[in-house]
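**Student:** Got a structure for you, written out below as structure tokens; questions coming shortly.
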Amino acid sequence: MINKPKSEEIGWNFDNSYAHLPEIFFTKMDPNPVDAPELIILNDSLAKSLGFNADALKSEEGIAVFAGNKIPEGAMPLAQAYAGHQFGHFTMLGDGRAMLIGEQITPSGERFDIQLKGSGRTKYSRGGDGRAGIGPMLREYIISEAMHGLGIPTTRSLAVVTTGEKIYRETMLSGAILTRIAKSHLRVGTFQYAAQWGSFEDLQQLADYAIKRHYPEVETDDNRYLSFLQAVIKRQAALIAKWQLVGFIHGVMNTDNMTISGETIDYGPCAFMDTYDLATVFSSIDIQGRYAYGNQPSIAGWNLARLAETLIPLLHEDEAEAIKIAQEAISEFPEQYQSKWLSGMRAKLGLFNEEKDDGILIDDLLTLMKKHQADYTNTFRALTIDKLENNEMFSTTEFSGWHKLWKARLERQQESKESSRQLMRDSNPAVIPRNHRVEEALEAAVERGDYSVMQQLLNVLSNPYDHTPEQEKYTTPPRSPVPYQTFCGT
Ligand code: AMP
Ligand code: MG
């Protein structure tokens with residue numbers, strides 16, 4: 001075809017289902033243009049899977065869209081309204097520095113939100129400038145892609161552009177915009193917003209929309225809103241178990257940062273645990289340790305109880321009955337989480353079948369790790385590759401005792417040693433985004449404009465279960481005695 005329009009070359013294929021929800025759920029508006037956008041990084045493979053021509057996305061048109069300077073054909077930009085409990089306190093929030101551009105329908109018929117994060121002020125910005133700094137946006141890019149590599153459901157990162165504008169935080173930073181891809185941006189907080197400020201019909205439409213988009217299998221159930229609640233609980237139980245199994249600490253598990261789809265969202269002060277300790281906290285703003293590693297499952301349960309509360313009008317016409325139904329559904333979360341975690345831990349230890357004392361075997365190992373300040377990831381890696389070195393724990397008699405029990409336990413299952421080893425390789429990452437490695441990559445990128453360090457890190461993190469010699473240098477824990485601190489990056 002002659003004179004093929006550019007948008008066809010890029011492959012935009014928008015639909016805008018969210019924009020058809022009742023108007024209280026969003027504000028239509030265009031992103032705020034920026035001075036001089038420059039593309040820093042584009043996720044080629046993600047672009048392809050979304051049905052985009054990655055090279056065309058690197059064109060002036062693609063960059064202009066990532067910057068908010070151009071609205072692609074078929075898009076209907078809007079800022080979403082939501083509320084949330086932030087550190088336990090309920091408040092009105094909304095997209096204060098983000099905008100949904102539209103929903104891309106992929107060649108295989110899947111629907112993904114395309115959101116610009118850092119795209120300027122909206123109706124929901126309160127005192128904020130609506131902007132984001134390059135460091136935090138690249139950090140979200142790295143960690144979200146690492147989570148994807150680890151096989152953990154997550155929003156993903158398509159691109160980062162710098163804006164050519166400065167933003168003011170503690171210091172002056174280069175402004176940047178992240179293009180975030182998500183199954184949707186529906187949050188527990190979206191339901192809280194509907195329950196607090198919407199009508200019964202608004203709430204019902206939101207619930208029906210969420211069901212259609214994420215849980216179509218419950219659409220024809222007798223009580224579809226109960227089935228929906230149970231399905232969200234189940235997905236979140238599986239998600240949080242995966243976090244715990246790799247030592248991921250989200251850092252700010254407010255209800256607005258918990259998705260309905262079951263994807264991890266909002267990579268602010270998150271980080272991976274090095275030495276095993278349930279009390280680990282990295283976020284500088286989490287003074288009380290509310291979102292410490294060991295608290296994540298119970299906080300998830302708390303957040304889901306807030307979701308259940310919002311659904312009460314839909315669960316049963318009799319309120320007392322509805323509350324009972326909601327409570328029953330919520331009471332299943334701890335058990336569901338525990339069972340996912342336990343089966344994940346069995347896999348980490350190469351166990352296929354179940355024995356009743358497996359929980360004790362696992363707890364004993366974790367207790368030893370805590371006592372000897374063993375590195376969480378590297379302990380499981382050492383067991384996987386059978387190289388028990390680099391930690392004093394391995395030379396203790398207590399550990400030898402545990403190791404004998406574990407070996408005996410492995411002997412009691414039918415599967416071969418090799419299949420057990422393979423299960424361990426598939427369940428224990430050799431590499432995680434170590435804080436000092438992430439910092440090193442960000443420093444090179446932000447301070448020196450050198451993106452090669454980040455690219456290498458992203459490469460290694462894309463195959464964390466490979467256990468190759470090249471990964472070796474990325475497995476070293478940080479040497480710094482100073483506890484690592486992360487900042488919200490807003
Ligand atoms: P977060 O801590 O990233 O989950 O954000 C919490 C709330 O603050 C959300 O409503 C954000 O949209 C809003 N927010 C964060 N940073 C900014 C900013 N720079 N300008 C305006 N709103 C912001
Ligand atoms: Mg948030």
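To be explicit about the labels: the chains of the structure tokens are called A, B, and onward in the order shown, and within each one the residues are counted from 1, while ligands get numbers from 1 in the order they are shown.
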Tell me, as a short mmCIF file (atom, residue, chain, number, x, y, z; two decimals) with all heavy atoms, in the first residue's frame, which residues lie within 8 Å of A:Gln296, counting only C-alpha atoms; anything in the same chain fewer than 4 positions away does not count.
**Tutor:**
```
data_model
loop_
_atom_site.label_atom_id
_atom_site.label_comp_id
_atom_site.auth_asym_id
_atom_site.auth_seq_id
_atom_site.Cartn_x
_atom_site.Cartn_y
_atom_site.Cartn_z
N ILE A 240 0.85 -13.46 46.47
CA ILE A 240 1.64 -13.13 47.66
C ILE A 240 2.57 -14.31 48.01
O ILE A 240 3.71 -14.11 48.43
CB ILE A 240 0.74 -12.76 48.86
CG1 ILE A 240 -0.26 -11.64 48.48
CG2 ILE A 240 1.58 -12.35 50.07
CD1 ILE A 240 0.32 -10.32 48.09
N ILE A 249 9.77 -7.77 48.53
CA ILE A 249 9.09 -6.91 49.51
C ILE A 249 8.52 -5.70 48.76
O ILE A 249 9.27 -4.87 48.25
CB ILE A 249 10.05 -6.46 50.62
CG1 ILE A 249 10.66 -7.70 51.29
CG2 ILE A 249 9.33 -5.59 51.65
CD1 ILE A 249 11.83 -7.39 52.20
N MET A 253 2.06 -1.65 50.42
CA MET A 253 0.88 -2.45 50.07
C MET A 253 -0.42 -1.76 50.48
O MET A 253 -1.27 -2.35 51.16
CB MET A 253 0.96 -3.83 50.74
CG MET A 253 1.93 -4.79 50.09
SD MET A 253 1.97 -6.35 51.00
CE MET A 253 0.40 -7.09 50.56
N TYR A 291 4.63 -2.90 56.43
CA TYR A 291 4.73 -3.70 55.22
C TYR A 291 6.02 -4.53 55.17
O TYR A 291 6.56 -4.80 54.09
CB TYR A 291 4.59 -2.80 53.99
CG TYR A 291 3.26 -2.08 53.93
CD1 TYR A 291 3.15 -0.75 53.52
CD2 TYR A 291 2.07 -2.73 54.30
CE1 TYR A 291 1.92 -0.10 53.46
CE2 TYR A 291 0.85 -2.09 54.25
CZ TYR A 291 0.78 -0.77 53.84
OH TYR A 291 -0.45 -0.14 53.78
N ALA A 292 6.51 -4.93 56.33
CA ALA A 292 7.70 -5.79 56.41
C ALA A 292 7.44 -7.11 55.69
O ALA A 292 6.29 -7.54 55.56
CB ALA A 292 8.05 -6.06 57.87
N ALA A 300 -2.15 -8.47 53.01
CA ALA A 300 -2.96 -8.82 51.83
C ALA A 300 -4.35 -9.24 52.28
O ALA A 300 -5.36 -8.82 51.69
CB ALA A 300 -2.29 -9.93 51.03
#
```
**Student:** Could you give me the residues within stretch 203-401 of chain A that DSSP places in strand (DSSP E or B), as a list in words?
**Tutor:** Phe248, Ile249, Met258, Thr259, Thr264, Ala271, Phe272, Thr275, Ser283 and Asp375 of chain A
**Student:** Mind dumping the selected residues with all heavy atoms as a short mmCIF file (atom, residue, chain, number, x, y, z; two decimals), in the first residue's frame?
**Tutor:**
```
data_model
loop_
_atom_site.label_atom_id
_atom_site.label_comp_id
_atom_site.auth_asym_id
_atom_site.auth_seq_id
_atom_site.Cartn_x
_atom_site.Cartn_y
_atom_site.Cartn_z
N PHE A 248 10.48 -11.10 47.75
CA PHE A 248 10.14 -9.76 47.25
C PHE A 248 9.36 -8.98 48.30
O PHE A 248 8.39 -9.49 48.88
CB PHE A 248 9.28 -9.89 45.98
CG PHE A 248 8.72 -8.58 45.50
CD1 PHE A 248 9.53 -7.65 44.86
CD2 PHE A 248 7.38 -8.26 45.69
CE1 PHE A 248 9.01 -6.43 44.42
CE2 PHE A 248 6.85 -7.04 45.25
CZ PHE A 248 7.68 -6.13 44.61
N ILE A 249 9.77 -7.77 48.53
CA ILE A 249 9.09 -6.91 49.51
C ILE A 249 8.52 -5.70 48.76
O ILE A 249 9.27 -4.87 48.25
CB ILE A 249 10.05 -6.46 50.62
CG1 ILE A 249 10.66 -7.70 51.29
CG2 ILE A 249 9.33 -5.59 51.65
CD1 ILE A 249 11.83 -7.39 52.20
N MET A 258 -3.10 -2.60 45.15
CA MET A 258 -3.40 -4.03 45.01
C MET A 258 -4.42 -4.19 43.88
O MET A 258 -5.51 -3.61 43.92
CB MET A 258 -3.95 -4.57 46.32
CG MET A 258 -4.22 -6.06 46.25
SD MET A 258 -4.87 -6.70 47.81
CE MET A 258 -3.48 -7.60 48.41
N THR A 259 -4.04 -4.96 42.88
CA THR A 259 -4.91 -5.07 41.69
C THR A 259 -5.99 -6.12 41.87
O THR A 259 -5.88 -7.04 42.67
CB THR A 259 -4.10 -5.48 40.44
OG1 THR A 259 -3.48 -6.74 40.69
CG2 THR A 259 -3.08 -4.45 40.06
N THR A 264 1.14 -7.83 40.29
CA THR A 264 1.88 -6.91 41.15
C THR A 264 1.86 -5.53 40.49
O THR A 264 2.05 -5.43 39.28
CB THR A 264 3.34 -7.37 41.28
OG1 THR A 264 3.37 -8.76 41.58
CG2 THR A 264 4.08 -6.57 42.35
N ALA A 271 11.88 -3.89 47.16
CA ALA A 271 13.25 -4.42 47.06
C ALA A 271 13.23 -5.89 47.43
O ALA A 271 12.25 -6.37 48.02
CB ALA A 271 14.19 -3.66 47.98
N PHE A 272 14.29 -6.59 47.09
CA PHE A 272 14.39 -8.01 47.42
C PHE A 272 15.23 -8.19 48.68
O PHE A 272 16.25 -7.52 48.87
CB PHE A 272 15.03 -8.79 46.27
CG PHE A 272 14.07 -9.09 45.15
CD1 PHE A 272 13.60 -8.07 44.33
CD2 PHE A 272 13.62 -10.38 44.93
CE1 PHE A 272 12.70 -8.33 43.31
CE2 PHE A 272 12.72 -10.66 43.91
CZ PHE A 272 12.26 -9.63 43.09
N THR A 275 19.65 -11.12 53.43
CA THR A 275 19.65 -12.09 54.53
C THR A 275 18.21 -12.33 54.99
O THR A 275 17.40 -11.41 55.04
CB THR A 275 20.48 -11.60 55.73
OG1 THR A 275 20.01 -10.31 56.08
CG2 THR A 275 21.94 -11.53 55.40
N SER A 283 11.71 0.27 52.88
CA SER A 283 11.15 1.58 52.58
C SER A 283 11.39 2.59 53.70
O SER A 283 11.07 2.34 54.86
CB SER A 283 9.64 1.44 52.36
OG SER A 283 9.06 2.71 52.29
N ASP A 375 22.01 -15.63 53.45
CA ASP A 375 21.34 -14.99 52.32
C ASP A 375 20.23 -15.92 51.82
O ASP A 375 20.46 -17.10 51.54
CB ASP A 375 22.36 -14.74 51.20
CG ASP A 375 21.74 -13.99 50.03
OD1 ASP A 375 21.77 -12.75 50.06
OD2 ASP A 375 21.21 -14.65 49.12
#
```
**Student:** Which chain A residues have any atom within 7 Å of an atom of ligand 2, and for each, what is the nearest pair of atoms with distance in Å to one decimal, counting only C-alpha atoms and all ligand atoms, rows sorted by chain and number, as JSON lines?
**Tutor:**
```
{"residue": "A:Asp256", "atom": "CA", "partner": "ligand 2", "partner_atom_place_in_ligand_line": "1 (Mg)", "distance": 5.6}
{"residue": "A:Asn257", "atom": "CA", "partner": "ligand 2", "partner_atom_place_in_ligand_line": "1 (Mg)", "distance": 4.8}
{"residue": "A:Asp266", "atom": "CA", "partner": "ligand 2", "partner_atom_place_in_ligand_line": "1 (Mg)", "distance": 5.4}
```
**Student:** Write the residues of the selection above to a file with C-alpha atoms, as an mmCIF file, in the first residue's frame.
**Tutor:**
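Below you can see result_18.cif, which holds the result:
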```cif
data_model
loop_
_atom_site.group_PDB
_atom_site.id
_atom_site.type_symbol
_atom_site.label_atom_id
_atom_site.label_comp_id
_atom_site.auth_asym_id
_atom_site.auth_seq_id
_atom_site.Cartn_x
_atom_site.Cartn_y
_atom_site.Cartn_z
ATOM 1 C CA ASP A 256 -4.767 1.349 45.956
ATOM 2 C CA ASN A 257 -1.650 -0.649 45.107
ATOM 3 C CA ASP A 266 3.320 0.091 41.704
#
```
**Student:** Identify, counting only C-alpha atoms and all ligand atoms, the protein, DNA and RNA residues located within 7 Å of ligand 1, and give them as a list of chain:residue names.
**Tutor:**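 Checked against 7 Å with only C-alpha atoms and all ligand atoms; the hits are A:Leu93, A:Gly94, A:Asp95, A:Gly96, A:Arg97, A:Ala98, A:Arg121, A:Tyr124, A:Ser125, A:Arg126, A:Gly127, A:Gly128, A:Asp129, A:Gly130, A:Arg131, A:Ala132, A:Asp256, A:Asn257, A:Asp266, A:Gly268, A:Cys488, A:Thr490.
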**Student:** Those same residues - all heavy atoms - I'd like them written as a compact mmCIF listing (two decimals), in the first residue's frame.
**Tutor:**
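File out.txt, as written:
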```
# COMPACT_ATOMS: atom_id res chain seq x y z
N LEU A 93 -7.89 9.15 46.14
CA LEU A 93 -6.62 9.23 45.41
C LEU A 93 -6.89 9.48 43.93
O LEU A 93 -7.33 10.54 43.56
CB LEU A 93 -5.81 7.95 45.63
CG LEU A 93 -5.37 7.72 47.08
CD1 LEU A 93 -5.00 6.27 47.32
CD2 LEU A 93 -4.20 8.62 47.40
N GLY A 94 -6.66 8.50 43.09
CA GLY A 94 -6.83 8.68 41.65
C GLY A 94 -5.50 8.84 40.95
O GLY A 94 -4.47 9.00 41.59
N ASP A 95 -5.53 8.77 39.62
CA ASP A 95 -4.31 8.93 38.83
C ASP A 95 -3.83 10.37 38.95
O ASP A 95 -4.28 11.25 38.21
CB ASP A 95 -4.59 8.64 37.34
CG ASP A 95 -4.72 7.16 37.05
OD1 ASP A 95 -4.20 6.34 37.83
OD2 ASP A 95 -5.32 6.82 36.01
N GLY A 96 -2.90 10.59 39.86
CA GLY A 96 -2.41 11.96 40.07
C GLY A 96 -1.25 12.29 39.16
O GLY A 96 -0.90 13.46 38.97
N ARG A 97 -0.63 11.25 38.63
CA ARG A 97 0.49 11.52 37.71
C ARG A 97 0.54 10.42 36.64
O ARG A 97 1.60 10.07 36.15
CB ARG A 97 1.80 11.56 38.48
CG ARG A 97 2.09 10.29 39.26
CD ARG A 97 3.55 10.19 39.52
NE ARG A 97 3.82 9.09 40.42
CZ ARG A 97 5.03 8.72 40.75
NH1 ARG A 97 6.06 9.36 40.28
NH2 ARG A 97 5.21 7.72 41.57
N ALA A 98 -0.62 9.92 36.31
CA ALA A 98 -0.67 8.88 35.30
C ALA A 98 -1.91 9.07 34.46
O ALA A 98 -2.84 9.79 34.87
CB ALA A 98 -0.69 7.50 35.95
N ARG A 121 -0.06 16.74 35.50
CA ARG A 121 -1.13 16.91 36.47
C ARG A 121 -2.49 16.48 35.94
O ARG A 121 -2.77 16.57 34.74
CB ARG A 121 -1.21 18.37 36.93
CG ARG A 121 -0.07 18.77 37.89
CD ARG A 121 -0.23 20.22 38.34
NE ARG A 121 -1.52 20.46 38.96
CZ ARG A 121 -1.85 20.11 40.20
NH1 ARG A 121 -0.95 19.53 40.97
NH2 ARG A 121 -3.04 20.36 40.67
N TYR A 124 -6.77 14.63 39.83
CA TYR A 124 -6.51 13.89 41.08
C TYR A 124 -5.10 14.13 41.63
O TYR A 124 -4.62 13.37 42.47
CB TYR A 124 -6.71 12.38 40.83
CG TYR A 124 -7.99 12.07 40.08
CD1 TYR A 124 -7.96 11.64 38.75
CD2 TYR A 124 -9.22 12.23 40.70
CE1 TYR A 124 -9.14 11.38 38.06
CE2 TYR A 124 -10.40 11.96 40.02
CZ TYR A 124 -10.35 11.54 38.70
OH TYR A 124 -11.52 11.28 38.02
N SER A 125 -4.44 15.19 41.16
CA SER A 125 -3.02 15.38 41.54
C SER A 125 -2.84 15.95 42.95
O SER A 125 -1.73 15.92 43.48
CB SER A 125 -2.32 16.30 40.55
OG SER A 125 -2.29 15.73 39.28
N ARG A 126 -3.88 16.48 43.53
CA ARG A 126 -3.75 17.17 44.82
C ARG A 126 -2.57 18.13 44.73
O ARG A 126 -2.47 18.87 43.77
CB ARG A 126 -3.62 16.16 45.96
CG ARG A 126 -4.86 15.28 46.10
CD ARG A 126 -4.66 14.14 47.07
NE ARG A 126 -3.76 13.13 46.52
CZ ARG A 126 -3.23 12.15 47.21
NH1 ARG A 126 -3.46 12.04 48.51
NH2 ARG A 126 -2.43 11.28 46.64
N GLY A 127 -1.64 18.09 45.67
CA GLY A 127 -0.54 19.06 45.61
C GLY A 127 0.60 18.67 44.68
O GLY A 127 1.55 19.43 44.51
N GLY A 128 0.53 17.50 44.08
CA GLY A 128 1.67 16.99 43.32
C GLY A 128 1.83 17.61 41.94
O GLY A 128 0.91 18.25 41.43
N ASP A 129 3.01 17.42 41.35
CA ASP A 129 3.28 18.02 40.04
C ASP A 129 2.92 17.08 38.89
O ASP A 129 3.08 17.45 37.72
CB ASP A 129 4.76 18.44 39.94
CG ASP A 129 5.71 17.26 40.08
OD1 ASP A 129 5.22 16.11 40.26
OD2 ASP A 129 6.93 17.48 40.03
N GLY A 130 2.48 15.87 39.22
CA GLY A 130 2.09 14.94 38.17
C GLY A 130 3.25 14.31 37.42
O GLY A 130 3.05 13.59 36.44
N ARG A 131 4.45 14.59 37.88
CA ARG A 131 5.63 14.13 37.15
C ARG A 131 6.42 13.08 37.92
O ARG A 131 6.18 12.86 39.11
CB ARG A 131 6.54 15.33 36.81
CG ARG A 131 5.90 16.31 35.83
CD ARG A 131 5.72 15.69 34.47
NE ARG A 131 5.13 16.62 33.49
CZ ARG A 131 4.66 16.24 32.31
NH1 ARG A 131 4.69 14.96 31.95
NH2 ARG A 131 4.15 17.12 31.48
N ALA A 132 7.35 12.45 37.22
CA ALA A 132 8.19 11.41 37.83
C ALA A 132 9.63 11.62 37.40
O ALA A 132 9.89 12.20 36.34
CB ALA A 132 7.71 10.03 37.38
N ASP A 256 -4.79 0.82 47.33
CA ASP A 256 -4.77 1.35 45.96
C ASP A 256 -3.65 0.70 45.14
O ASP A 256 -3.62 0.83 43.93
CB ASP A 256 -4.60 2.87 45.96
CG ASP A 256 -3.41 3.32 46.78
OD1 ASP A 256 -3.37 3.00 47.98
OD2 ASP A 256 -2.52 3.97 46.22
N ASN A 257 -2.75 0.01 45.81
CA ASN A 257 -1.65 -0.65 45.11
C ASN A 257 -1.86 -2.15 45.04
O ASN A 257 -0.89 -2.91 44.90
CB ASN A 257 -0.32 -0.33 45.79
CG ASN A 257 0.04 1.14 45.64
OD1 ASN A 257 -0.43 1.81 44.73
ND2 ASN A 257 0.88 1.64 46.53
N ASP A 266 2.75 -1.06 41.01
CA ASP A 266 3.32 0.09 41.70
C ASP A 266 4.62 -0.21 42.42
O ASP A 266 4.66 -0.43 43.62
CB ASP A 266 2.30 0.71 42.66
CG ASP A 266 1.72 1.98 42.05
OD1 ASP A 266 2.15 2.33 40.93
OD2 ASP A 266 0.86 2.62 42.67
N GLY A 268 7.35 1.14 43.89
CA GLY A 268 7.93 2.32 44.50
C GLY A 268 9.14 1.88 45.31
O GLY A 268 10.21 1.58 44.77
N CYS A 488 10.22 6.42 48.05
CA CYS A 488 9.00 6.25 47.28
C CYS A 488 9.13 6.71 45.83
O CYS A 488 8.52 6.18 44.94
CB CYS A 488 7.84 6.97 47.96
SG CYS A 488 6.45 5.86 48.14
N THR A 490 8.25 9.53 44.39
CA THR A 490 7.13 10.26 43.81
C THR A 490 7.56 11.68 43.43
O THR A 490 8.64 12.09 43.76
CB THR A 490 5.94 10.34 44.78
OG1 THR A 490 6.40 10.84 46.00
CG2 THR A 490 5.31 9.00 44.94
```
**Student:** I'd like to know which of A:Met424, A:Ala347, A:Ala308, A:Leu368 is closest to A:Val232, using only C-alpha atoms.
**Tutor:** A:Ala308
**Student:** So, with only C-alpha atoms as the atoms that count, which of A:Glu415, A:Glu321, A:Glu443, A:Glu9 lies closest to A:Asn353?
**Tutor:** A:Glu415
**Student:** If you count only C-alpha atoms, which residues fall within 10 Å of A:Gly11, apart from same-chain ones fewer than 4 positions away, as a ChimeraX atom specification?
**Tutor:** /A:6-7,47-48,50-54,56-57,104-107
**Student:** Of the candidates A:Glu418, A:Asp466, A:Glu447, A:Asp426, which shows the shortest atom-to-atom distance to A:Ile134, using only C-alpha atoms?
**Tutor:**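 Using only C-alpha atoms, the shortest distance to A:Ile134 belongs to A:Glu447.
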**Student:** Looking only at helix (DSSP H, G or I) from DSSP on the backbone, list the matching residues of stretch 80-219 of chain A as a PyMOL selection string.
**Tutor:** chain A and resi 134-149+188-197+200-214+216-218
**Student:** May I have the residues within 12 Å of A:Pro72 as a list in words, using only C-alpha atoms and disregarding those fewer than 4 positions away in the same chain?
**Tutor:**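 Near A:Pro72, the qualifying residues are Pro5, Lys6, Ser7, Glu8, Glu9, Ile10, Gly11, Trp12, Asn13, Phe14, Asp15, Asp30, Pro31, Leu57, Glu61, Gly62, Ile63, Ala64, Val65, Phe66, Ala67, Gly68, Met76, Pro77, Ile101, Gly102, Glu103, Gln104 and Ile114 of chain A.
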**Student:** Of the candidates A:Ala176, A:Ile181, A:Ile71, A:Val281, which shows the shortest atom-to-atom distance to A:Val34, using only C-alpha atoms?
**Tutor:**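 Comparing A:Ala176, A:Ile181, A:Ile71, A:Val281 against A:Val34, the winner is A:Ala176.
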**Student:** Neighbouring residues of stretch 209-221 of chain A were defined as those with any atom within 9 Å, considering only C-alpha atoms; residues of the same chain fewer than 3 positions away were excluded. Please report them as a PyMOL selection string.
**Tutor:** chain A and resi 17-18+21+111+183-184+186+204-206+224-228+231-232+260-261
**Student:** List the spatial neighbours of stretch 448-452 of chain A as a compact mmCIF listing (two decimals) with C-alpha atoms, in the first residue's frame - criterion: any atom at most 12 Å away, only C-alpha atoms, same-chain residues fewer than 2 positions off excluded.
**Tutor:**
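Resulting contents of around.txt:
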```txt
# COMPACT_ATOMS: atom_id res chain seq x y z
CA LEU A 39 13.58 7.49 24.22
CA ILE A 40 15.77 5.84 26.86
CA ILE A 41 14.63 2.25 26.63
CA LEU A 42 12.06 0.22 24.71
CA ILE A 134 14.11 9.16 35.58
CA GLY A 135 15.65 7.09 38.42
CA LEU A 138 13.94 3.09 35.37
CA ILE A 142 14.01 -3.07 36.00
CA THR A 162 12.89 11.50 29.38
CA SER A 174 15.37 14.77 35.03
CA GLU A 440 24.79 0.53 40.05
CA ALA A 441 22.68 0.28 36.88
CA LEU A 442 20.65 3.35 37.81
CA GLU A 443 23.73 5.37 38.66
CA ALA A 444 25.34 4.60 35.31
CA ALA A 445 22.12 5.50 33.50
CA VAL A 446 21.14 8.61 35.42
CA MET A 454 21.16 -1.66 32.98
CA GLN A 455 20.87 -3.62 29.73
CA GLN A 456 23.25 -6.29 31.01
CA LEU A 457 21.35 -6.50 34.28
CA LEU A 458 18.03 -6.80 32.42
CA ASN A 459 19.48 -9.59 30.28
```
